[in-house]
Every structure is written in C-alpha cells, then in structure tokens.
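Data block for upload-v2.csv (CSV, C-alpha atoms and all ligand atoms):
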```csv
chain,number,residue,atom,x,y,z
U,1,MET,CA,98.0,93.4,104.9
U,2,LEU,CA,100.0,96.5,104.3
U,3,LEU,CA,103.5,96.5,105.9
U,4,GLY,CA,106.0,99.4,105.8
U,5,PRO,CA,107.7,102.1,107.7
U,6,PRO,CA,105.9,105.3,108.9
U,7,GLY,CA,105.1,107.6,105.9
U,8,SER,CA,105.6,105.0,103.3
U,9,GLY,CA,102.0,105.4,102.0
U,10,LYS,CA,100.1,102.6,103.6
U,11,GLY,CA,97.2,104.8,104.5
U,12,THR,CA,97.1,106.4,101.0
U,13,GLN,CA,97.2,103.1,99.2
U,14,GLY,CA,95.0,101.4,101.7
U,15,GLU,CA,92.1,103.8,100.8
U,16,ARG,CA,92.6,103.0,97.1
U,17,LEU,CA,92.7,99.3,97.6
U,18,SER,CA,89.7,99.4,99.8
U,19,ALA,CA,87.7,101.2,97.1
U,20,HIS,CA,89.1,99.0,94.4
U,21,LEU,CA,88.3,95.7,96.2
U,22,ALA,CA,85.1,97.0,97.9
U,23,ILE,CA,86.3,95.8,101.3
U,24,PRO,CA,86.9,98.0,104.4
U,25,LYS,CA,90.3,99.2,105.5
U,26,ILE,CA,91.1,98.5,109.2
U,27,ALA,CA,93.9,100.9,110.3
U,28,THR,CA,94.9,100.6,114.0
U,29,GLY,CA,96.4,104.1,113.9
U,30,ASP,CA,93.1,105.6,112.7
U,31,VAL,CA,91.2,103.7,115.4
U,32,LEU,CA,93.6,104.9,118.1
U,33,ARG,CA,93.6,108.5,116.9
U,34,ALA,CA,89.8,108.6,117.0
U,35,ALA,CA,89.9,107.2,120.5
U,36,VAL,CA,92.4,109.9,121.6
U,37,ARG,CA,90.2,112.6,120.0
U,38,ASP,CA,87.1,111.2,121.7
U,39,GLY,CA,88.8,110.9,125.1
U,40,THR,CA,87.8,107.3,125.6
U,41,ALA,CA,89.6,104.9,128.0
U,42,LEU,CA,91.4,103.3,125.0
U,43,GLY,CA,92.5,106.8,123.8
U,44,LEU,CA,93.8,107.8,127.3
U,45,GLU,CA,95.8,104.6,127.5
U,46,ALA,CA,97.2,104.9,123.9
U,47,LYS,CA,98.0,108.7,123.8
U,48,GLY,CA,101.3,108.6,125.7
U,49,PHE,CA,102.7,105.8,123.6
U,50,MET,CA,101.6,107.4,120.3
U,51,ASP,CA,102.9,110.9,121.0
U,52,ARG,CA,106.4,109.7,121.6
U,53,GLY,CA,106.4,107.3,118.6
U,54,ALA,CA,106.3,104.1,120.7
U,55,LEU,CA,104.0,101.1,120.0
U,56,VAL,CA,100.8,100.7,121.9
U,57,PRO,CA,100.8,97.3,123.9
U,58,ASP,CA,100.1,94.2,121.9
U,59,ASP,CA,97.1,93.2,124.0
U,60,VAL,CA,95.4,96.5,123.3
U,61,ILE,CA,96.0,96.1,119.5
U,62,LEU,CA,94.7,92.5,119.5
U,63,GLY,CA,91.6,93.6,121.4
U,64,ILE,CA,90.9,96.1,118.6
U,65,MET,CA,91.5,93.5,115.9
U,66,LYS,CA,89.2,91.0,117.6
U,67,ALA,CA,86.3,93.5,117.6
U,68,THR,CA,86.9,94.9,114.1
U,69,LEU,CA,87.5,91.6,112.3
U,70,ALA,CA,84.3,90.1,113.7
U,71,ALA,CA,82.2,93.1,112.5
U,72,PRO,CA,79.8,92.3,109.7
U,73,GLY,CA,81.5,94.9,107.4
U,74,ALA,CA,84.6,92.7,107.3
U,75,ALA,CA,82.8,89.5,106.3
U,76,ARG,CA,84.2,89.6,102.8
U,77,GLY,CA,87.7,90.5,104.0
U,78,ALA,CA,89.6,93.6,104.9
U,79,ILE,CA,92.7,95.6,104.1
U,80,LEU,CA,94.9,95.7,107.3
U,81,ASP,CA,96.8,99.0,107.4
U,82,GLY,CA,99.5,99.3,110.1
U,83,VAL,CA,98.8,96.0,111.8
U,84,VAL,CA,100.7,93.9,112.7
U,85,ARG,CA,103.8,95.6,114.0
U,86,THR,CA,105.4,92.9,116.3
U,87,VAL,CA,105.9,89.2,116.2
U,88,PRO,CA,103.5,88.6,119.2
U,89,GLN,CA,100.9,90.6,117.2
U,90,ALA,CA,101.5,88.3,114.2
U,91,ASP,CA,101.0,85.2,116.5
U,92,GLY,CA,97.9,86.7,118.0
U,93,LEU,CA,96.3,87.8,114.7
U,94,GLU,CA,96.9,84.3,113.3
U,95,ARG,CA,95.0,82.8,116.3
U,96,LEU,CA,92.1,85.3,115.8
U,97,LEU,CA,91.9,84.6,112.1
U,98,THR,CA,92.0,80.8,112.6
U,99,GLU,CA,89.0,81.1,114.9
U,100,LEU,CA,87.2,83.0,112.2
U,101,GLY,CA,88.2,80.5,109.5
U,102,ARG,CA,90.2,83.2,107.7
U,103,ARG,CA,93.9,83.9,106.8
U,104,VAL,CA,96.2,86.6,105.6
U,105,ALA,CA,96.1,86.3,101.8
U,106,ALA,CA,99.2,88.5,101.2
U,107,ALA,CA,101.4,91.1,102.8
U,108,VAL,CA,102.4,94.1,100.7
U,109,LEU,CA,105.7,95.5,101.9
U,110,PHE,CA,106.3,99.2,101.0
U,111,VAL,CA,110.0,99.7,100.1
U,112,ILE,CA,111.3,103.3,100.4
U,113,SER,CA,114.3,105.3,101.7
U,114,ASP,CA,114.4,107.0,105.1
U,115,GLU,CA,115.1,110.4,103.3
U,116,GLU,CA,111.8,110.1,101.4
U,117,LEU,CA,109.9,109.1,104.5
U,118,VAL,CA,111.1,112.1,106.4
U,119,ARG,CA,110.3,114.4,103.5
U,120,ARG,CA,106.8,113.1,103.2
U,121,ILE,CA,106.1,113.2,107.0
U,122,SER,CA,107.4,116.7,107.4
U,123,GLY,CA,105.0,118.0,104.8
U,124,ARG,CA,101.9,116.0,106.0
U,125,THR,CA,98.7,117.3,107.6
U,126,VAL,CA,95.7,115.0,108.3
U,127,CYS,CA,92.0,115.6,108.5
U,128,GLU,CA,90.8,115.5,112.1
U,129,SER,CA,87.5,114.0,111.0
U,130,CYS,CA,88.1,111.6,108.1
U,131,GLN,CA,91.9,111.1,108.8
U,132,THR,CA,92.9,111.5,105.1
U,133,PRO,CA,96.5,112.6,104.8
U,134,PHE,CA,97.5,115.6,102.6
U,135,THR,CA,100.8,117.0,101.5
U,136,GLY,CA,101.4,120.8,101.0
U,137,LEU,CA,98.2,121.9,102.9
U,138,GLU,CA,98.8,123.9,106.1
U,139,PRO,CA,97.2,123.1,109.5
U,140,GLY,CA,93.8,124.8,109.8
U,141,THR,CA,92.9,124.3,106.1
U,142,VAL,CA,89.4,122.9,105.4
U,143,CYS,CA,89.6,119.2,104.4
U,144,PRO,CA,89.0,119.0,100.6
U,145,LYS,CA,87.3,115.6,101.1
U,146,CYS,CA,84.9,116.1,104.0
U,147,GLY,CA,85.0,119.7,105.2
U,148,GLY,CA,86.8,118.8,108.5
U,149,THR,CA,89.9,120.7,109.7
U,150,LEU,CA,93.5,119.7,108.8
U,151,VAL,CA,96.0,119.3,111.7
U,152,ARG,CA,99.5,118.1,112.2
U,153,ARG,CA,99.9,114.8,114.0
U,154,PRO,CA,101.8,115.1,117.4
U,155,ASP,CA,103.9,112.0,116.3
U,156,ASP,CA,105.0,113.8,113.1
U,157,GLU,CA,107.3,116.1,115.1
U,158,PRO,CA,111.0,115.3,114.3
U,159,GLU,CA,111.9,113.5,117.6
U,160,ALA,CA,108.9,111.2,117.5
U,161,VAL,CA,109.5,110.5,113.8
U,162,ARG,CA,113.1,109.4,114.6
U,163,ASN,CA,111.7,107.1,117.3
U,164,ARG,CA,109.1,105.6,115.0
U,165,LEU,CA,111.8,104.8,112.5
U,166,ARG,CA,113.9,103.1,115.2
U,167,VAL,CA,110.9,101.2,116.5
U,168,TYR,CA,110.0,100.0,112.9
U,169,GLN,CA,113.5,98.5,112.4
U,170,ALA,CA,113.7,96.9,115.9
U,171,GLN,CA,110.1,95.6,116.3
U,172,THR,CA,108.2,95.6,113.0
U,173,ALA,CA,110.9,94.5,110.4
U,174,PRO,CA,111.1,91.0,112.0
U,175,VAL,CA,107.4,90.5,111.1
U,176,ILE,CA,108.5,90.2,107.4
U,177,ALA,CA,110.5,87.1,108.2
U,178,TRP,CA,107.6,85.7,110.3
U,179,TYR,CA,105.2,85.9,107.4
U,180,GLU,CA,107.7,84.4,105.0
U,181,ALA,CA,108.3,81.5,107.4
U,182,HIS,CA,104.5,81.0,107.7
U,183,GLN,CA,104.1,80.7,103.9
U,184,VAL,CA,102.3,84.0,103.5
U,185,PRO,CA,103.4,85.7,100.2
U,186,VAL,CA,105.3,88.9,101.0
U,187,VAL,CA,105.0,91.2,97.9
U,188,ARG,CA,107.7,93.9,97.9
U,189,VAL,CA,106.6,97.1,96.1
U,190,ASP,CA,108.7,100.2,95.2
U,191,ALA,CA,106.8,102.9,97.2
U,192,THR,CA,108.4,105.8,95.4
U,193,GLY,CA,106.8,107.8,92.6
U,194,THR,CA,103.3,109.2,92.4
U,195,PRO,CA,100.4,107.6,94.3
U,196,ASP,CA,99.0,106.5,91.0
U,197,GLU,CA,102.2,104.8,90.0
U,198,VAL,CA,102.4,103.0,93.4
U,199,ALA,CA,98.8,101.9,93.1
U,200,ALA,CA,99.4,100.5,89.6
U,201,ARG,CA,102.4,98.5,90.9
U,202,ILE,CA,100.4,97.0,93.8
U,203,GLN,CA,97.5,96.0,91.6
U,204,GLN,CA,99.9,94.5,89.0
U,205,ARG,CA,101.8,92.5,91.7
U,206,LEU,CA,98.6,91.3,93.3
U,207,GLY,CA,97.4,90.1,89.9
U,208,ASP,CA,94.3,92.3,89.7
N,1,LIG,P1,99.9,104.8,112.1
N,1,LIG,O1,98.8,105.8,111.9
N,1,LIG,O2,99.6,103.5,111.5
N,1,LIG,O3,101.2,105.4,111.5
N,1,LIG,P2,102.5,104.8,110.7
N,1,LIG,O4,102.5,103.4,110.5
N,1,LIG,O5,103.6,105.4,111.4
N,1,LIG,O6,102.2,105.3,109.3
N,1,LIG,P3,101.8,106.7,108.8
N,1,LIG,O7,100.3,106.9,109.0
N,1,LIG,O8,102.7,107.7,109.4
N,1,LIG,O9,102.2,106.6,107.3
N,1,LIG,P4,101.5,105.8,106.1
N,1,LIG,O10,102.5,104.7,105.7
N,1,LIG,O11,100.1,105.5,106.3
N,1,LIG,O12,101.7,106.9,105.0
N,1,LIG,P5,100.6,108.0,104.4
N,1,LIG,O13,99.7,107.3,103.4
N,1,LIG,O14,100.0,108.7,105.5
N,1,LIG,O15,100.2,104.6,113.6
N,1,LIG,C1,100.5,105.7,114.5
N,1,LIG,C2,100.8,105.2,115.9
N,1,LIG,O16,99.7,104.4,116.4
N,1,LIG,C3,102.0,104.3,116.0
N,1,LIG,O17,103.2,105.0,116.0
N,1,LIG,C4,101.7,103.5,117.3
N,1,LIG,O18,102.0,104.3,118.4
N,1,LIG,C5,100.2,103.3,117.2
N,1,LIG,N1,99.9,102.0,116.5
N,1,LIG,C6,99.2,101.9,115.4
N,1,LIG,N2,99.1,100.6,115.0
N,1,LIG,C7,99.8,99.9,116.0
N,1,LIG,C8,100.0,98.5,116.2
N,1,LIG,N3,99.6,97.5,115.4
N,1,LIG,N4,100.8,98.1,117.3
N,1,LIG,C9,101.2,99.1,118.2
N,1,LIG,N5,101.0,100.4,118.0
N,1,LIG,C10,100.3,100.8,116.9
N,1,LIG,O19,101.6,108.9,103.6
N,1,LIG,C11,102.5,109.8,104.2
N,1,LIG,C12,102.5,111.2,103.5
N,1,LIG,O20,103.0,111.0,102.2
N,1,LIG,C13,101.1,111.8,103.4
N,1,LIG,O21,101.2,113.2,103.5
N,1,LIG,C14,100.7,111.4,101.9
N,1,LIG,O22,99.8,112.3,101.4
N,1,LIG,C15,102.1,111.4,101.2
N,1,LIG,N6,102.2,110.4,100.2
N,1,LIG,C16,101.7,109.1,100.2
N,1,LIG,N7,102.0,108.4,99.1
N,1,LIG,C17,102.8,109.3,98.4
N,1,LIG,C18,103.5,109.2,97.1
N,1,LIG,N8,103.5,108.1,96.4
N,1,LIG,N9,104.3,110.3,96.7
N,1,LIG,C19,104.3,111.4,97.5
N,1,LIG,N10,103.7,111.6,98.6
N,1,LIG,C20,102.9,110.5,99.1
```
Could you quickly redo this structure as structure tokens?
Ligand code: AP5
Amino acid sequence: MLLGPPGSGKGTQGERLSAHLAIPKIATGDVLRAAVRDGTALGLEAKGFMDRGALVPDDVILGIMKATLAAPGAARGAILDGVVRTVPQADGLERLLTELGRRVAAAVLFVISDEELVRRISGRTVCESCQTPFTGLEPGTVCPKCGGTLVRRPDDEPEAVRNRLRVYQAQTAPVIAWYEAHQVPVVRVDATGTPDEVAARIQQRLGD
C-alpha cells in the first residue's frame, strides 16, 4: 500500500513497483478519472468531489476495491495506490481482505514537504488515455508512452490542491496510526530526489 500526500509520487513509484513485482497497481484515482471520462454513473457521482479536492464517499471506494481485489489479475497481490484515505476505509478494506484470506503486507509512506508537492503538481500534465503523469510537458502534447493526449487535471488547480492538502492532513494522516496499531509495518521513505533514487530507497527498505 502506498500512502502519502497528493503529488508525493505514489503513481510514479506504483508503476515501477508493479513492473518490478509483476503484480497490478490498483489506483482508485485512476479508476475514478476513467469513470468521469467515460461518463458512467460512478463518474457522475465522483466528479464533483474530485474537482474540488474532496474525498469520494467511503462506500463508493470500498465498492471499487471489492470488485478490483477479487479480479483474477490481482490473485498474486496488488500495489494499492491512493487507497485507503480514511479510517473507515481502512476498516472496510481489512474486512474485504480477511474474506479473501489476504492482508496488507506493508504500507510505504512517502515523506515530502508541502513546497515540493506544490512545485510538482503545478508542473504536472497527465495522459488522458494511460494516465501516466509528466512534468514539463504542456497540455495538448502527444503522450510519449501511448500516443494519447496530455491534459491538466481539474483538481491540480491551486484552490483544489490547497483543499487536497487539508483533506490529507485531516482524514488520511490518521490512517498511518491505524496501520501501526494493527501491526502492519509502515515504511517511511524520503520521497525527494529523482524517481530512480526514490525507487531504490523503496526497494531497499522493502528488502528486495
Ligand atoms: P489520486 O489520483 O490518487 O490523487 P492524489 O493522491 O492526490 O495523488 P496524485 O495523483 O496527485 O499524486 P501522486 O502521489 O500519485 O504523485 P505522481 O506520481 O502523480 O486521487 C484523486 C482524487 O480521487 C482524490 O482527490 C479524491 O477525490 C479521489 N479519490 C481517489 N482515491 C480515493 C479514496 N481512496 N477515497 C476517497 N477519494 C478518493 O507525481 C506527481 C508529479 O511529480 C508528476 O508530475 C510526476 O511526474 C512528478 N514526480 C514524481 N516523482 C518525482 C520525483 N521523484 N522528482 C520529481 N518529480 C517527480
């Protein structure tokens, strides 16, 4: 499980860990953005919360987790990116995993300053198709990875970013203590430096 504030690099490192461990990455933010893009009922419900930087309701997130964790692709495990974000989600995920005979092996906590988060987010574009984030490429650029189009996320505008940081401190930070109290190792990793440096720290701390 990857825990950390918005812009700390969870998506970037999640992709690398997924390739390294050959298990899928489940990112609730990506699932929700795809639903918004496709105009599904889930997307219509989630869009308002996301655009203003608020959290989507816990029951919606747990519904997504129930469907994705039971999928055959996740049979050998998964990297959870951006879930869980509230204590009720941590309770709910534990119930789901217990039913499946699974557990959270470790939580990697990305440690980084607010200044660096704002710097990264203000320079970010993401691919509309494959959702890969980029720094320094303008909206409208062709995605170097899949040929899709790069866009700015609506929740990367300054007011929404400020709200996401407030929400992280108020609702997601308590999840760290929840996992520590439930004997799940919380591995704190310095998330500054290049993506390669952060990836090396994570692999070293996870003992792989
Ligand atoms: P989500 O998509 O999960 O957004 P987030 O947690 O706010 O995280 P970000 O995607 O902004 O950042 P990241 O940590 O993945 O960093 P990234 O790798 O992109 O969620 C969006 C919304 O969906 C939420 O606000 C909420 O509304 C809803 N939602 C999702 N899950 C939910 C849940 N469980 N419960 C309720 N609501 C939920 O990197 C950031 C930038 O920095 C990129 O440009 C990247 O290229 C660059 N970068 C990465 N690493 C480095 C580095 N080492 N050095 C320099 N630049 C770097």
Which neighbours of Leu117 (chain U) fall inside 9 Å, counting only C-alpha atoms, when residues of the same chain fewer than 2 positions from it are skipped, and could you give them as a tab-separated table (two decimals) with C-alpha atoms, in the frame of the given file?
```tsv
chain	number	residue	atom	x	y	z
U	5	PRO	CA	107.70	102.10	107.70
U	6	PRO	CA	105.90	105.30	108.90
U	7	GLY	CA	105.10	107.60	105.90
U	8	SER	CA	105.60	105.00	103.30
U	112	ILE	CA	111.30	103.30	100.40
U	113	SER	CA	114.30	105.30	101.70
U	114	ASP	CA	114.40	107.00	105.10
U	115	GLU	CA	115.10	110.40	103.30
U	119	ARG	CA	110.30	114.40	103.50
U	120	ARG	CA	106.80	113.10	103.20
U	121	ILE	CA	106.10	113.20	107.00
U	122	SER	CA	107.40	116.70	107.40
```
| request: Select, from U:Gln169, U:Ala199, U:Val87, U:Ala160, the residue with the minimum atom-to-atom distance to Ala181 (chain U), counting only C-alpha atoms. | output: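 Selected residue with least distance to Ala181 (chain U): U:Val87.
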| field | Two-atom distance - CA of Ala177 (chain U), CA of Leu3 (chain U) (Å) | value | 11.9 Å
| request: Considering only C-alpha atoms and all ligand atoms, state which residue in the set U:Glu180, U:Glu128, U:Glu138, U:Asp196 is at the smallest distance from ligand LIG 1 (chain N). | output: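 Among the listed residues, the smallest separation from ligand LIG 1 (chain N) belongs to U:Asp196.
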| said: So that I can check the surroundings of Val126 (chain U), please list as a VMD selection string every protein, DNA and RNA residue that reaches within 9 Å of it, counting only C-alpha atoms and ignoring chain neighbours fewer than 3 positions away. | reply: chain U and resid 129 to 135 139 143 149 to 153
| task | Can you pull out every residue within 12 Å of Leu21 (chain U), counting only C-alpha atoms, but drop anything in the same chain fewer than 4 positions away, and send it as a ChimeraX atom specification? | result | /U:13-17,25,76-79,203,206,208
Which residues, written as a compact mmCIF listing (two decimals) with C-alpha atoms, keeping the file's coordinate frame, have at least one atom at most 12 Å from region 89-101 of chain U, with all atoms listed in the file counted and residues fewer than 4 positions away on the same chain left out?
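selection-v3.txt written:
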```
# COMPACT_ATOMS: atom_id res chain seq x y z
CA MET U 1 98.00 93.40 104.90
CA LEU U 3 103.50 96.50 105.90
CA LEU U 55 104.00 101.10 120.00
CA VAL U 56 100.80 100.70 121.90
CA PRO U 57 100.80 97.30 123.90
CA ASP U 58 100.10 94.20 121.90
CA ASP U 59 97.10 93.20 124.00
CA VAL U 60 95.40 96.50 123.30
CA ILE U 61 96.00 96.10 119.50
CA LEU U 62 94.70 92.50 119.50
CA GLY U 63 91.60 93.60 121.40
CA ILE U 64 90.90 96.10 118.60
CA MET U 65 91.50 93.50 115.90
CA LYS U 66 89.20 91.00 117.60
CA ALA U 67 86.30 93.50 117.60
CA THR U 68 86.90 94.90 114.10
CA LEU U 69 87.50 91.60 112.30
CA ALA U 70 84.30 90.10 113.70
CA ALA U 71 82.20 93.10 112.50
CA ALA U 74 84.60 92.70 107.30
CA ALA U 75 82.80 89.50 106.30
CA ARG U 76 84.20 89.60 102.80
CA GLY U 77 87.70 90.50 104.00
CA ALA U 78 89.60 93.60 104.90
CA LEU U 80 94.90 95.70 107.30
CA GLY U 82 99.50 99.30 110.10
CA VAL U 83 98.80 96.00 111.80
CA VAL U 84 100.70 93.90 112.70
CA ARG U 85 103.80 95.60 114.00
CA ALA U 105 96.10 86.30 101.80
CA ALA U 107 101.40 91.10 102.80
CA GLN U 171 110.10 95.60 116.30
CA THR U 172 108.20 95.60 113.00
CA ALA U 173 110.90 94.50 110.40
CA PRO U 174 111.10 91.00 112.00
CA VAL U 175 107.40 90.50 111.10
CA ILE U 176 108.50 90.20 107.40
CA ALA U 177 110.50 87.10 108.20
CA TRP U 178 107.60 85.70 110.30
CA TYR U 179 105.20 85.90 107.40
CA GLU U 180 107.70 84.40 105.00
CA ALA U 181 108.30 81.50 107.40
CA HIS U 182 104.50 81.00 107.70
CA VAL U 184 102.30 84.00 103.50
```
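Rounded to one decimal, CA of Thr86 (chain U) and atom P5 of ligand LIG 1 (chain N) lie 19.8 Å from each other.
Straight-line separation from atom N5 of ligand LIG 1 (chain N) to CA of Glu197 (chain U): 28.4 Å.
Nearest to Pro154 (chain U) of all the residues U:Pro195, U:Gly207, U:Gly53, U:Gly136 is U:Gly53, based on all atoms listed in the file.
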